[in-house]
Protein chains: 2
Amino acid sequence: MKPSLHLESEDCRAVSDVLGRVGDKWTVLVVGYLSEGPMRFTELRRRIGGISQKMLTTTLRGLERDGFVTRTVFPSIPPRVDYALTPLGEELRIPVNALGEWARHNITRIYEARQRFDQNVL
Amino acid sequence: MKPSLHLESEDCRAVSDVLGRVGDKWTVLVVGYLSEGPMRFTELRRRIGGISQKMLTTTLRGLERDGFVTRTVFPSIPPRVDYALTPLGEELRIPVNALGEWARHNITRIYEARQRFDQNVL
DNA sequence: CAGGATCCGGTTAGATACTG
DNA sequence: CAGTATCTAACCGGATCCTG
């Protein structure tokens with residue numbers, strides 16, 4: 001997500017920036033699983049289920065770039081790479097989890113609203 | 001964003017669902033402005049600045065479908081349509097604002113991490 | 001005024017094949 | 001094992017034109 005909020009304040013850019021990362025397709029799931037502890041690439045992929053290795057790589061690189069995740073390479077054969085949350089990544093989980101809790105508590109209300117809406121439109 | 005999390009729990013689907021909506025390009029801004037009170041289509045568009053009418057329509061329809069926003073049509077000429085947050089929409093703002101606050105407080109840390117990362121890679 | 005319809009370029013994500 | 005490279009289909013968002 002590119003913000004492109006020409007007229008918005010720096011703060012809004014920051015918020016959109018973080019929401020753009022958090023709101024993408026896989027980031028929250030990856031962070032969620034990594035919060036259980038460091039994990040290797042393939043294990044992460046297996047646990048998530050349904051993510052292509054390309055998207056997992058892309059997501060992890062983005063998280064690493066933004067300082068939410070560390071990437072540790074063990075120079076062995078076969079190679080081994082561990083991913084882990086940084087302190088910043090752990091902190092991020094607090095507000096994200098709050099949003100997640102809210103979602104869990106209210107998801108039925110949302111689904112009910114959808115059902116009502118779809119019945120009136122279709 | 002379509003979850004497609006075959007192996008995930010319902011909870012994870014719910015979280016991704018909500019984050020998918022919240023994380024899209026305009027939703028947070030629209031909800032933010034509507035939290036100041038009901039607003040007409042064009043005023044909303046002018047205040048946001050940079051959003052096409054198509055995307056504003058799409059965003060509002062999505063929010064309406066999920067029960068976050070109400071759409072009130074005044075049968076006058078020219079027509080007038082007011083948008084307003086529902087109680088569910090107001091509630092959503094709480095965790096979203098928390099995430100926004102976190103973003104504001106930590107955005108420099110993220111930008112610094114990016115700079116370090118880009119220097120090591122490029 | 002509030003949108004619906006259409007077209008189009010750019011981005012994204014998945015599948016596949018290949019590599020140190 | 002942990003990726004990179006490439007191709008392609010789908011989607012997204014913007015611009016433009018049109019209407020009750």
# chains A, B, ... in the order shown; residues from 1 in each chain; ligands from 1
call {"tool": "calpha_fit_rmsd", "arguments": {"fixed": "chain B", "moving": "chain A"}}
result
0.4 Å
call {"tool": "residues_around", "arguments": {"residues": "segment 12-16 of chain D", "least_positions_apart": "3", "cutoff": "10 Å", "atoms": "only C-alpha atoms (C1' of nucleotides)", "output": "ChimeraX atom specification"}}
result
/B:25,51-55 /C:6-12
call {"tool": "closest_residue", "arguments": {"among": "A:Leu56, A:Leu99, A:Pro87, A:Gln119", "to": "chain C", "atoms": "only C-alpha atoms (C1' of nucleotides)"}}
result
A:Leu56
call {"tool": "interface_residues", "arguments": {"of": "chain D", "to": "chain A", "cutoff": "9 Å", "atoms": "only C-alpha atoms (C1' of nucleotides)", "output": "list of chain:residue names"}}
result
D:DC1, D:DA2, D:DG3
call {"tool": "residues_around", "arguments": {"residues": "Gly89 of chain A", "least_positions_apart": "5", "cutoff": "10 Å", "atoms": "only C-alpha atoms (C1' of nucleotides)", "output": "list in words"}}
result
Val31, Leu34, Ser35, Leu63, Glu64, Asp66, Gly67, Phe68, Val69, Thr70, Ala84 and Ile94 of chain A
call {"tool": "interface_residues", "arguments": {"of": "chain B", "to": "chain A", "cutoff": "8 Å", "atoms": "only C-alpha atoms", "output": "PyMOL selection string"}}
result
chain B and resi 1-8+11-12+14-16+18-25+48-50+64-67+92+95-96+98-100+102-104+107+109-111+113-114+117-118
call {"tool": "interface_residues", "arguments": {"of": "chain C", "to": "chain B", "cutoff": "8 Å", "atoms": "only C-alpha atoms (C1' of nucleotides)", "output": "list in words"}}
result
DC1, DA2 and DG3 of chain C
call {"tool": "atom_distance", "arguments": {"atom1": "atom CA of Thr86 of chain B", "atom2": "atom C1' of DC11 of chain D"}}
result
29.3 Å
call {"tool": "select_by_dssp", "arguments": {"residues": "chain A", "states": "helix (DSSP H, G or I)", "output": "PyMOL selection string"}}
result
chain A and resi 10-22+27-34+41-48+53-65+87-121
call {"tool": "select_by_dssp", "arguments": {"residues": "segment 6-113 of chain B", "states": "strand (DSSP E)", "output": "PyMOL selection string"}}
result
chain B and resi 39-40+69-74+80-85
call {"tool": "atom_distance", "arguments": {"atom1": "atom C1' of DG20 of chain C", "atom2": "atom CA of Gly37 of chain A"}}
result
27.7 Å
call {"tool": "atom_distance", "arguments": {"atom1": "atom CA of Val30 of chain A", "atom2": "atom CA of Thr59 of chain A"}}
result
8.0 Å
